[in-house]
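Pasting structure-v8.txt here (compact mmCIF, C-alpha atoms):
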# COMPACT_ATOMS: atom_id res chain seq x y z
CA MET K 248 -13.64 0.41 -12.08
CA ILE K 249 -12.48 3.35 -10.02
CA ALA K 250 -10.19 2.74 -7.05
CA LEU K 251 -8.80 5.28 -4.64
CA ASP K 252 -5.19 6.24 -4.66
CA ALA K 253 -3.40 5.22 -1.47
CA VAL K 254 -1.48 7.96 0.24
CA ARG K 255 0.77 7.35 3.23
CA GLN K 256 1.32 10.41 5.34
CA HIS K 257 3.08 10.28 8.70
CA GLY K 258 2.51 6.52 8.81
CA SER K 259 -1.29 6.79 8.65
CA LEU K 260 -3.74 5.60 6.04
CA ARG K 261 -5.70 8.28 4.25
CA MET K 262 -9.18 7.38 3.15
CA VAL K 263 -12.18 9.16 1.70
CA GLN K 264 -15.45 8.08 0.12
CA ASP K 265 -15.47 7.34 -3.60
CA VAL K 266 -17.52 5.62 -6.26
CA SER K 267 -16.92 2.21 -7.78
CA ILE K 268 -18.84 0.46 -10.54
CA ILE K 269 -19.02 -3.28 -10.00
CA HIS K 270 -21.17 -6.12 -11.32
CA LEU K 271 -19.98 -8.98 -9.11
CA ASP K 272 -23.52 -10.12 -8.23
CA ALA K 273 -25.14 -9.11 -11.50
CA PRO K 274 -26.78 -11.65 -13.82
CA GLN K 275 -25.21 -12.08 -17.24
CA VAL K 276 -27.96 -9.97 -18.79
CA ALA K 277 -27.95 -7.13 -16.29
CA PRO K 278 -31.11 -5.07 -15.75
CA ALA K 279 -30.88 -1.30 -15.73
CA SER K 280 -30.45 -1.19 -11.97
CA TYR K 281 -27.18 -3.10 -12.29
CA ARG K 282 -25.93 -0.79 -15.02
CA GLU K 283 -26.18 2.22 -12.74
CA LYS K 284 -23.29 3.44 -10.70
CA ILE K 285 -23.16 1.83 -7.28
CA VAL K 286 -21.68 3.89 -4.50
CA LEU K 287 -19.29 1.85 -2.36
CA LEU K 288 -17.26 3.00 0.58
CA SER K 289 -13.48 2.97 0.40
CA LYS K 290 -11.91 0.43 2.72
CA GLY K 291 -8.61 -1.04 3.77
CA PHE K 292 -6.79 -2.99 6.45
CA GLU K 293 -3.89 -2.63 8.82
CA ILE K 294 -2.64 -6.18 9.28
CA GLU K 295 -0.33 -7.26 12.11
CA MET K 296 1.23 -10.73 11.97
CA TYR K 297 3.79 -12.73 13.93
CA THR K 298 6.91 -14.05 12.25
CA GLY K 299 8.69 -17.25 13.24
CA THR K 300 9.48 -20.86 12.43
CA PRO K 301 7.34 -23.47 10.67
CA GLN K 302 7.13 -25.19 14.07
CA GLY K 303 5.24 -22.19 15.49
CA ASP K 304 7.97 -20.51 17.54
CA VAL K 305 7.68 -16.72 17.22
CA VAL K 306 10.92 -14.96 16.26
CA GLY K 307 11.51 -11.20 16.16
CA LEU K 308 12.46 -10.15 12.64
CA SER K 309 10.72 -6.82 12.10
CA GLU K 310 13.91 -4.73 12.13
CA ARG K 311 15.27 -6.63 9.12
CA ILE K 312 11.90 -6.77 7.36
CA VAL K 313 11.36 -3.02 7.60
CA ARG K 314 14.92 -2.39 6.46
CA ASP K 315 14.71 -4.65 3.41
CA LEU K 316 11.06 -4.53 2.28
CA ASP K 317 8.99 -1.51 1.35
CA GLY K 318 5.47 -1.28 2.74
CA PHE K 319 6.07 -2.81 6.17
CA VAL K 320 6.33 -1.03 9.50
CA ARG K 321 7.53 -2.21 12.87
CA GLU K 322 5.55 -2.56 16.07
CA PRO K 323 7.10 -1.81 19.50
CA ASP K 324 7.98 -5.52 19.88
CA SER K 325 10.04 -7.07 17.09
CA ARG K 326 8.04 -10.30 16.91
CA ASN K 327 5.23 -8.90 14.80
CA VAL K 328 5.18 -6.67 11.75
CA GLU K 329 2.45 -4.62 10.10
CA TYR K 330 1.46 -3.76 6.57
CA THR K 331 -1.36 -1.55 5.35
CA THR K 332 -3.43 -2.10 2.23
CA ALA K 333 -4.30 0.73 -0.09
CA PRO K 334 -7.93 1.84 0.33
CA PHE K 335 -10.06 0.36 -2.44
CA CYS K 336 -13.77 0.42 -3.13
CA CYS K 337 -13.80 -2.93 -4.96
CA TYR K 338 -13.43 -6.18 -3.06
CA ASP K 339 -11.49 -8.01 -5.76
CA ARG K 340 -8.71 -5.43 -5.69
CA LEU K 341 -8.76 -5.36 -1.92
CA LEU K 342 -8.29 -9.14 -1.84
CA CYS K 343 -5.13 -8.85 -3.92
CA ALA K 344 -3.94 -5.94 -1.78
CA ILE K 345 -4.09 -8.35 1.17
CA LEU K 346 -2.33 -11.19 -0.63
CA ARG K 347 0.50 -9.61 -2.61
CA PRO K 348 2.44 -7.99 0.27
CA ARG K 349 2.04 -11.18 2.26
CA ARG K 350 3.50 -13.22 -0.59
CA ARG K 351 6.50 -10.86 -0.78
CA LEU K 352 6.96 -11.16 2.96
CA ARG K 353 6.73 -14.95 2.84
CA ASP K 354 9.33 -15.14 0.08
CA TYR K 355 11.64 -12.85 2.06
CA LEU K 356 11.23 -14.87 5.26
CA GLN K 357 11.92 -18.10 3.43
CA HIS K 358 15.18 -16.79 2.02
CA LEU K 359 16.11 -15.23 5.34
CA GLY K 360 16.16 -18.59 7.08
CA ASN K 361 13.11 -20.76 6.46
CA TYR K 362 10.89 -18.47 8.52
CA THR K 363 7.16 -18.01 8.01
CA LEU K 364 4.02 -16.20 9.20
CA ILE K 365 2.16 -17.52 12.22
CA PRO K 366 -1.64 -17.32 12.62
CA GLY K 367 -3.27 -16.29 15.86
CA SER K 368 -3.39 -13.12 17.91
CA THR K 369 -1.39 -14.07 21.00
CA LEU K 370 1.93 -15.74 21.73
CA SER K 371 0.38 -19.19 21.69
CA LEU K 372 3.51 -21.18 22.50
CA GLY K 373 5.33 -18.96 24.97
CA ASN K 374 7.47 -15.95 25.92
CA SER K 375 4.60 -13.61 26.72
CA ASP K 376 6.54 -12.43 29.78
CA ARG K 377 9.27 -10.78 27.72
CA PHE K 378 9.43 -7.67 25.53
CA TYR K 379 11.79 -7.61 22.55
CA ARG K 380 12.22 -3.99 21.48
CA SER K 381 12.17 -3.38 17.75
CA ASP K 382 13.52 0.17 18.12
CA PRO K 383 15.36 0.79 21.41
CA ASN K 384 15.71 4.50 20.61
CA ASN K 385 11.98 5.19 20.16
CA PRO K 386 10.64 7.01 23.25
CA TYR K 387 7.00 6.09 22.54
CA HIS K 388 8.00 2.43 22.39
CA SER K 389 9.80 2.88 25.72
CA TYR K 390 6.61 4.29 27.24
CA ILE K 391 4.56 1.36 25.90
CA GLU K 392 6.98 -1.25 27.23
CA GLN K 393 7.25 0.37 30.65
CA THR K 394 3.51 0.97 30.98
CA TYR K 395 1.96 -2.14 29.45
CA GLY K 396 4.67 -4.76 29.05
CA ALA K 397 4.03 -7.68 26.74
CA SER K 398 0.22 -7.42 27.01
CA VAL K 399 0.38 -5.35 23.82
CA VAL K 400 2.43 -7.93 21.90
CA THR K 401 -0.56 -9.18 19.94
CA ALA K 402 -1.52 -9.54 16.29
CA SER K 403 -4.75 -8.10 14.96
CA ILE K 404 -6.67 -6.60 12.07
CA HIS K 405 -7.67 -2.95 12.05
CA ILE K 406 -10.49 -2.38 9.58
CA ASN K 407 -10.77 1.10 8.06
CA VAL K 408 -13.82 2.43 6.21
CA GLY K 409 -13.89 5.88 4.65
CA ILE K 410 -16.58 8.36 5.74
CA SER K 411 -15.67 11.92 4.90
CA ASP K 412 -18.40 13.83 6.74
CA PRO K 413 -17.24 14.17 10.37
CA GLU K 414 -20.71 14.11 11.93
CA GLN K 415 -21.72 11.03 9.95
CA LEU K 416 -18.43 9.46 10.99
CA ILE K 417 -19.01 10.10 14.68
CA GLN K 418 -22.51 8.67 14.36
CA ALA K 419 -21.09 5.60 12.60
CA CYS K 420 -18.60 5.15 15.44
CA ARG K 421 -21.49 5.13 17.92
CA LEU K 422 -23.33 2.36 16.10
CA ILE K 423 -20.29 0.19 15.46
CA ARG K 424 -19.05 0.73 19.04
CA VAL K 425 -22.14 -0.93 20.49
CA GLU K 426 -21.97 -3.73 17.89
CA ALA K 427 -18.19 -4.23 18.03
CA PRO K 428 -18.56 -7.40 20.17
CA LEU K 429 -20.14 -9.10 17.14
CA TYR K 430 -17.02 -8.49 15.05
CA LEU K 431 -14.86 -9.80 17.87
CA ALA K 432 -17.05 -12.92 18.01
CA LEU K 433 -16.55 -13.53 14.28
CA SER K 434 -12.79 -12.97 14.38
CA ALA K 435 -11.64 -14.59 17.65
CA SER K 436 -8.36 -16.43 17.09
CA SER K 437 -6.44 -16.37 20.36
CA PRO K 438 -7.51 -19.20 22.69
CA PHE K 439 -3.92 -20.06 23.67
CA LEU K 440 -1.16 -18.28 25.55
CA ASP K 441 2.20 -19.66 26.63
CA GLY K 442 1.29 -23.20 25.65
CA ARG K 443 -1.99 -23.38 27.54
CA VAL K 444 -5.72 -23.00 26.95
CA THR K 445 -6.72 -19.72 28.58
CA GLY K 446 -10.50 -20.10 28.79
CA TYR K 447 -10.96 -17.18 26.39
CA HIS K 448 -11.59 -17.34 22.66
CA SER K 449 -9.98 -13.91 22.32
CA THR K 450 -7.28 -13.83 24.94
CA ARG K 451 -5.88 -10.85 23.07
CA TRP K 452 -8.89 -8.63 23.73
CA HIS K 453 -9.17 -9.86 27.30
CA ILE K 454 -5.61 -8.82 28.17
CA PHE K 455 -5.18 -5.85 25.83
CA PRO K 456 -5.00 -2.54 27.75
CA GLN K 457 -7.89 -0.44 26.46
CA THR K 458 -6.84 3.17 26.91
CA PRO K 459 -8.08 5.51 28.32
CA ALA K 460 -10.08 3.47 30.80
CA HIS K 461 -13.33 5.28 29.97
CA VAL K 462 -14.17 6.33 26.40
CA PRO K 463 -17.67 7.80 25.96
CA LEU K 464 -20.06 7.53 23.05
CA PHE K 465 -19.15 10.73 21.28
CA GLU K 466 -22.19 12.85 20.59
CA SER K 467 -20.58 15.07 17.95
CA HIS K 468 -17.28 15.93 16.31
CA ALA K 469 -16.91 18.83 18.75
CA HIS K 470 -17.38 16.41 21.65
CA PHE K 471 -14.61 14.20 20.29
CA ILE K 472 -12.27 17.17 19.86
CA HIS K 473 -12.86 18.51 23.38
CA TRP K 474 -12.58 15.06 24.97
CA THR K 475 -9.31 14.31 23.15
CA GLU K 476 -7.81 17.65 24.13
CA ALA K 477 -8.78 16.98 27.75
CA GLN K 478 -7.16 13.53 27.71
CA LEU K 479 -3.92 14.91 26.28
CA ALA K 480 -3.88 17.66 28.91
CA ALA K 481 -4.50 15.14 31.69
CA ARG K 482 -1.85 12.76 30.24
CA THR K 483 -4.31 9.87 30.12
CA MET K 484 -3.33 9.80 26.44
CA LYS K 485 0.32 10.12 25.49
CA ASN K 486 -0.54 11.37 21.99
CA VAL K 487 -3.48 11.30 19.58
CA ARG K 488 -2.66 7.72 18.60
CA HIS K 489 -2.97 6.61 22.20
CA LEU K 490 -6.71 5.93 21.94
CA TRP K 491 -6.94 2.15 22.12
CA SER K 492 -10.63 1.36 22.07
CA SER K 493 -12.71 -1.03 20.00
CA VAL K 494 -13.63 1.70 17.51
CA ARG K 495 -12.25 5.16 16.89
CA PRO K 496 -12.59 7.98 14.37
CA ASN K 497 -9.35 8.46 12.50
CA GLY K 498 -7.78 10.82 10.02
CA ASP K 499 -4.72 12.74 8.98
CA ARG K 500 -4.85 15.32 11.79
CA ARG K 501 -6.74 13.85 14.71
CA PRO K 502 -8.99 14.93 16.29
CA TYR K 503 -9.64 17.81 13.87
CA ASN K 504 -9.45 16.30 10.38
CA LEU K 505 -11.21 12.95 10.26
CA ASN K 506 -12.02 10.74 7.28
CA ARG K 507 -12.48 7.14 8.37
CA LEU K 508 -13.83 4.74 10.94
CA GLU K 509 -11.27 2.35 12.38
CA LEU K 510 -12.56 -0.90 13.89
CA ARG K 511 -9.78 -2.16 16.17
CA ILE K 512 -11.42 -4.96 18.15
CA CYS K 513 -10.87 -7.84 15.71
CA ASP K 514 -8.37 -10.61 16.26
CA LEU K 515 -6.19 -11.53 13.29
CA ILE K 516 -8.36 -13.06 10.56
CA VAL K 517 -5.75 -14.92 8.57
CA ASN K 518 -8.15 -16.27 5.92
CA PRO K 519 -8.58 -13.46 3.35
CA ILE K 520 -12.07 -14.58 2.32
CA ALA K 521 -13.27 -14.57 5.92
CA LEU K 522 -11.68 -11.15 6.40
CA LEU K 523 -13.52 -9.72 3.39
CA ALA K 524 -16.77 -11.21 4.73
CA VAL K 525 -16.35 -9.32 8.00
CA MET K 526 -15.57 -6.18 6.01
CA ALA K 527 -18.69 -6.69 3.88
CA LEU K 528 -20.84 -7.04 7.00
CA LEU K 529 -19.38 -3.80 8.36
CA GLU K 530 -19.77 -1.90 5.09
CA ALA K 531 -23.36 -3.01 4.61
CA ARG K 532 -24.19 -1.98 8.18
CA LEU K 533 -22.60 1.44 7.64
CA ASN K 534 -24.54 1.87 4.41
CA GLN K 535 -27.72 1.15 6.35
CA LEU K 536 -26.87 3.93 8.76
CA LEU K 537 -25.94 6.40 6.04
CA ASP K 538 -29.29 5.68 4.36
CA ASP K 539 -31.20 5.93 7.66
CA PRO K 540 -29.56 8.26 10.22
CA ASP K 541 -32.19 7.29 12.81
CA LEU K 542 -30.36 3.96 13.17
CA ASP K 543 -28.39 5.51 16.02
CA PRO K 544 -27.95 4.04 19.50
CA LEU K 545 -28.54 7.41 21.12
CA LYS K 546 -31.88 7.67 19.28
CA LEU K 547 -33.09 4.10 18.95
CA THR K 548 -32.32 2.48 22.30
CA HIS K 549 -35.08 1.96 24.86
CA LEU K 550 -32.73 2.90 27.70
CA PRO K 551 -33.68 6.00 29.72
CA ALA K 552 -32.66 9.22 27.98
CA ALA K 553 -31.01 10.70 31.07
CA THR K 554 -28.53 7.83 31.45
CA ARG K 555 -28.55 6.08 28.09
CA SER K 556 -25.05 7.08 27.00
CA GLN K 557 -23.39 5.65 30.10
CA GLU K 558 -25.68 2.63 30.18
CA LEU K 559 -24.85 1.85 26.56
CA ILE K 560 -21.14 1.97 27.40
CA SER K 561 -21.59 -0.33 30.41
CA LEU K 562 -23.68 -2.76 28.35
CA THR K 563 -21.12 -2.74 25.53
CA ASN K 564 -18.17 -3.29 27.86
CA ALA K 565 -19.92 -6.33 29.33
CA ASN K 566 -20.69 -7.60 25.84
CA GLU K 567 -17.05 -7.21 24.79
CA GLU K 568 -15.86 -9.24 27.77
CA ALA K 569 -18.48 -11.94 27.11
CA ALA K 570 -17.47 -12.10 23.42
CA ALA K 571 -13.79 -12.30 24.38
CA ARG K 572 -14.57 -15.34 26.51
CA HIS K 573 -17.14 -17.25 24.43
CA SER K 574 -17.15 -15.49 21.01
CA LEU K 575 -20.06 -16.78 18.92
CA ASP K 576 -21.53 -18.66 21.88
CA ALA K 577 -21.51 -15.62 24.17
CA GLN K 578 -24.76 -14.39 25.65
CA LEU K 579 -24.97 -10.67 24.97
CA GLN K 580 -27.43 -7.91 25.74
CA HIS K 581 -28.88 -6.07 22.75
CA TRP K 582 -28.31 -2.32 22.81
CA GLN K 583 -31.68 -1.53 21.30
CA ASP K 584 -34.08 -3.19 23.73
CA GLY K 585 -31.90 -4.86 26.35
CA ARG K 586 -32.92 -8.42 25.47
CA LYS K 587 -30.52 -11.31 26.00
CA ILE K 588 -29.29 -12.80 22.76
CA MET K 589 -26.54 -15.18 21.66
CA ALA K 590 -23.82 -13.55 19.59
CA ARG K 591 -24.34 -15.94 16.68
CA ASP K 592 -28.10 -15.23 16.68
CA TRP K 593 -27.51 -11.47 16.71
CA ILE K 594 -25.07 -11.79 13.82
CA GLU K 595 -27.60 -13.91 11.92
CA GLU K 596 -30.26 -11.22 12.47
CA LEU K 597 -27.83 -8.54 11.31
CA TYR K 598 -26.86 -10.60 8.28
CA GLN K 599 -30.47 -10.87 7.15
CA GLN K 600 -30.97 -7.13 7.67
CA VAL K 601 -27.97 -6.08 5.61
CA LEU K 602 -28.15 -8.73 2.88
CA PRO K 603 -30.48 -6.60 0.69
CA VAL K 604 -28.07 -3.68 1.10
CA ALA K 605 -25.13 -5.80 -0.04
CA LYS K 606 -27.13 -7.20 -2.97
CA LYS K 607 -28.16 -3.74 -4.09
CA ARG K 608 -24.55 -2.58 -4.06
CA GLY K 609 -23.20 -5.72 -5.68
CA PHE K 610 -21.03 -7.28 -2.95
CA SER K 611 -23.27 -9.91 -1.36
CA CYS K 612 -20.98 -12.66 -2.69
CA PHE K 613 -18.31 -11.33 -0.32
CA LEU K 614 -20.78 -11.16 2.58
CA SER K 615 -21.99 -14.75 2.27
CA PRO K 616 -18.95 -16.42 3.96
CA VAL K 617 -20.22 -14.96 7.25
CA LYS K 618 -22.68 -17.86 7.18
CA LYS K 619 -19.80 -20.32 7.00
CA ILE K 620 -18.17 -18.76 10.07
CA LEU K 621 -21.46 -19.08 11.95
CA ARG K 622 -21.80 -22.68 10.81
CA GLU K 623 -18.23 -23.93 11.30
CA GLY K 624 -17.00 -21.57 14.02
CA ASN K 625 -14.27 -18.95 14.09
CA LEU K 626 -10.61 -19.93 14.19
CA ALA K 627 -10.46 -20.05 17.99
CA GLN K 628 -13.41 -22.45 18.11
CA GLN K 629 -11.88 -24.63 15.40
CA TRP K 630 -8.58 -24.77 17.28
CA LEU K 631 -10.25 -25.63 20.57
CA LYS K 632 -12.19 -28.41 18.87
CA GLN K 633 -8.91 -29.81 17.52
CA HIS K 634 -7.41 -29.58 21.01
CA GLU K 635 -10.35 -31.53 22.44
CA THR K 636 -9.68 -34.34 19.95
CA GLY K 637 -6.14 -34.73 21.28
CA LEU K 638 -3.91 -32.42 19.24
CA ASP K 639 -1.47 -30.40 21.29
CA ILE K 640 -1.16 -26.65 20.80
CA ARG K 641 2.06 -26.85 18.79
CA GLN K 642 0.47 -29.32 16.37
CA ILE K 643 -2.54 -27.03 15.96
CA ILE K 644 -0.41 -23.97 15.24
CA THR K 645 1.84 -25.90 12.85
CA GLN K 646 -1.15 -27.11 10.86
CA ALA K 647 -2.60 -23.58 10.83
CA ILE K 648 0.66 -22.21 9.41
CA GLU K 649 0.52 -24.69 6.52
CA THR K 650 -3.19 -24.09 5.89
CA ALA K 651 -2.78 -20.31 5.76
CA GLN K 652 0.03 -20.51 3.24
CA GLN K 653 -1.91 -22.92 1.02
CA GLN K 654 -5.01 -20.68 1.11
CA GLU K 655 -3.01 -17.63 0.10
CA GLU K 656 -1.20 -19.37 -2.75
CA GLU K 657 -4.44 -20.74 -4.16
CA LEU K 658 -6.26 -17.41 -3.95
CA GLU K 659 -3.45 -15.44 -5.50
CA GLU K 660 -2.99 -17.92 -8.32
CA LYS K 661 -6.69 -18.14 -9.16
CA LEU K 662 -7.85 -14.59 -8.56
CA CYS K 663 -5.04 -12.05 -8.52
CA GLN K 664 -3.36 -13.30 -11.68
CA GLN K 665 -6.70 -13.09 -13.49
CA LEU K 666 -7.14 -9.53 -12.25
CA LEU K 667 -3.72 -8.58 -13.63
CA VAL K 668 -4.66 -10.00 -17.03
CA ALA K 669 -8.03 -8.23 -16.96
Take the structure from the file and write it as structure tokens.
Amino acid sequence: MIALDAVRQHGSLRMVQDVSIIHLDAPQVAPASYREKIVLLSKGFEIEMYTGTPQGDVVGLSERIVRDLDGFVREPDSRNVEYTTAPFCCYDRLLCAILRPRRRLRDYLQHLGNYTLIPGSTLSLGNSDRFYRSDPNNPYHSYIEQTYGASVVTASIHINVGISDPEQLIQACRLIRVEAPLYLALSASSPFLDGRVTGYHSTRWHIFPQTPAHVPLFESHAHFIHWTEAQLAARTMKNVRHLWSSVRPNGDRRPYNLNRLELRICDLIVNPIALLAVMALLEARLNQLLDDPDLDPLKLTHLPAATRSQELISLTNANEEAAARHSLDAQLQHWQDGRKIMARDWIEELYQQVLPVAKKRGFSCFLSPVKKILREGNLAQQWLKQHETGLDIRQIITQAIETAQQQEEELEEKLCQQLLVA
């Protein structure tokens, strides 16, 4: 089993394509096709989480965490903290890369003062009107606070997938950009803010300041370079990191050296198995595109050629807002032919399309929990259902804190310890 080495350089995750040999879906007597090398994409996560009390109150602790624990970085507000997994090709190793830092962080928080990690992507119980600086001397943090306030104090998952060819990467960004609302629908986990039901399943994405206001579908790497340079010159972007859209090409020297797609739209998916399912859906879809480059919104859509790029952006923006409000129950418009379709039905169609891809490459067992999300609802829908039965928001968050910790302990004990022995 070959995994990529993780390299941190200037606080960014480096990622390239590599090969991994896995037999997770193979029968015990594997045919020749299973004994061949299976090319998987490298992948990893940037995971932001709130810290606080077992009762659900968020408390800013990132300054101490970053000081005392390796592998964690601060956000502009001290109430959440981020860690980044190494990029792996194999899902089993990626699962443990999610769990082990979180266990270290939980142990540290417990000893620090009976603190814990809090699920959800917004400040569910309060204090969204205040900004608690994690680094008062950081000028970029000052700019963020002064420009956006606490609307950026959210928790999320950024999903990174390695694609080393820049033109293939830009093409992948086009496809995933127009399908990003589906990943938001699967991940929505922020129906509360300041102790109230907001009316949105992803309040985070509804309030988050997407910047710059207009981001086109990039037609080539050169287009992305020229557009980025123009934004920096016009000061609509403060720096190359200041591109806050649902999807972006990323790399070690943006916009020139690129090596990965970064999907930024997802709310925090606290359940590691659900998170890997979303990753598997994304990887299988990207493999489809790499196998068939004609699967490109600029080629395949029925929209008029003269205006299709802008129309695709307008359609996608409307779909993102609909998914933020209703997630899996949102009515969306398909980019390919313009038909109206429910998010859950579109995801089901996509699942059936990519399932053979995942089976061929040996990771369909990680894809299958997507069906459970469609059947039982995402976390926001589960929380809202609990609220309808009479639980108040604090009770819901408190139960979610306990559930998340139990899930992690069980997974680490059953899976990661076995991997260490193996």
Name the residues within 12 Å of (-25.4, 2.7, 27.8), counting all atoms listed in the file in the file's coordinates, and put them as a count of residues only. 36
Selected residue, from K:Arg608, K:Arg349, K:Lys632, K:Arg326, that lies nearest to Ala397 of chain K when counting all atoms listed in the file: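 Using all atoms listed in the file, the shortest distance to Ala397 of chain K belongs to K:Arg326.
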Which residues, written as a PyMOL selection string, have at least one atom at most 12 Å from Asp304 of chain K, with all atoms listed in the file counted and residues fewer than 4 positions away on the same chain left out? chain K and resi 297-300+326+362-366+369-375+441-442+640-642+644-645+648
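Straight-line separation from atom CA of His473 of chain K to atom CA of Arg501 of chain K: 11.6 Å.
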Residue contacts of Glu466 of chain K (8 Å, all atoms listed in the file) excluding same-chain residues fewer than 5 positions away, as a list of chain:residue names: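 Neighbouring residues, sequence-local ones excluded: K:Ile417, K:Gln418, K:Phe471.
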Mind writing the picked residues with C-alpha atoms as a PDB file, in the frame of the given file?
ATOM      1  CA  ILE K 417     -19.010  10.100  14.680  1.00  0.00           C
ATOM      2  CA  GLN K 418     -22.510   8.670  14.360  1.00  0.00           C
ATOM      3  CA  PHE K 471     -14.610  14.200  20.290  1.00  0.00           C
TER       4      PHE K 471
END
Polymer residues at most 10 Å from Leu529 of chain K, only C-alpha atoms, same-chain spacing of 6 or more positions, as a PyMOL selection string: chain K and resi 406-408+423+426-427+430+510+523+535+601+614
Residue list as a VMD selection string for point (-8.5, 2.9, 12.1), cut-off 12 Å, only C-alpha atoms: chain K and resid 259 to 262 290 to 294 331 334 403 to 410 416 420 488 490 to 499 501 505 to 513
I need the residue nearest Glu568 of chain K from this list: K:Leu359, K:Leu431, K:Val399, K:Val328. Use all atoms listed in the file for the distance. K:Leu431
Given only C-alpha atoms as the counted atoms, nearest of K:Gln646, K:Thr475, K:Ser289, K:Ser574 to His448 of chain K: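 That would be K:Ser574, the residue with the smallest distance to His448 of chain K.
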Can you tell me, as a list in words, what residues are no more than 10 Å from Gln628 of chain K when counting only C-alpha atoms, ignoring any on the same chain fewer than 2 positions away?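 Those residues are Ala435, Ser436, Ser437, Pro438, His448, His573, Ser574, Leu575, Asp576, Glu623, Gly624, Asn625, Leu626, Trp630, Leu631, Lys632, Gln633 and His634 of chain K.
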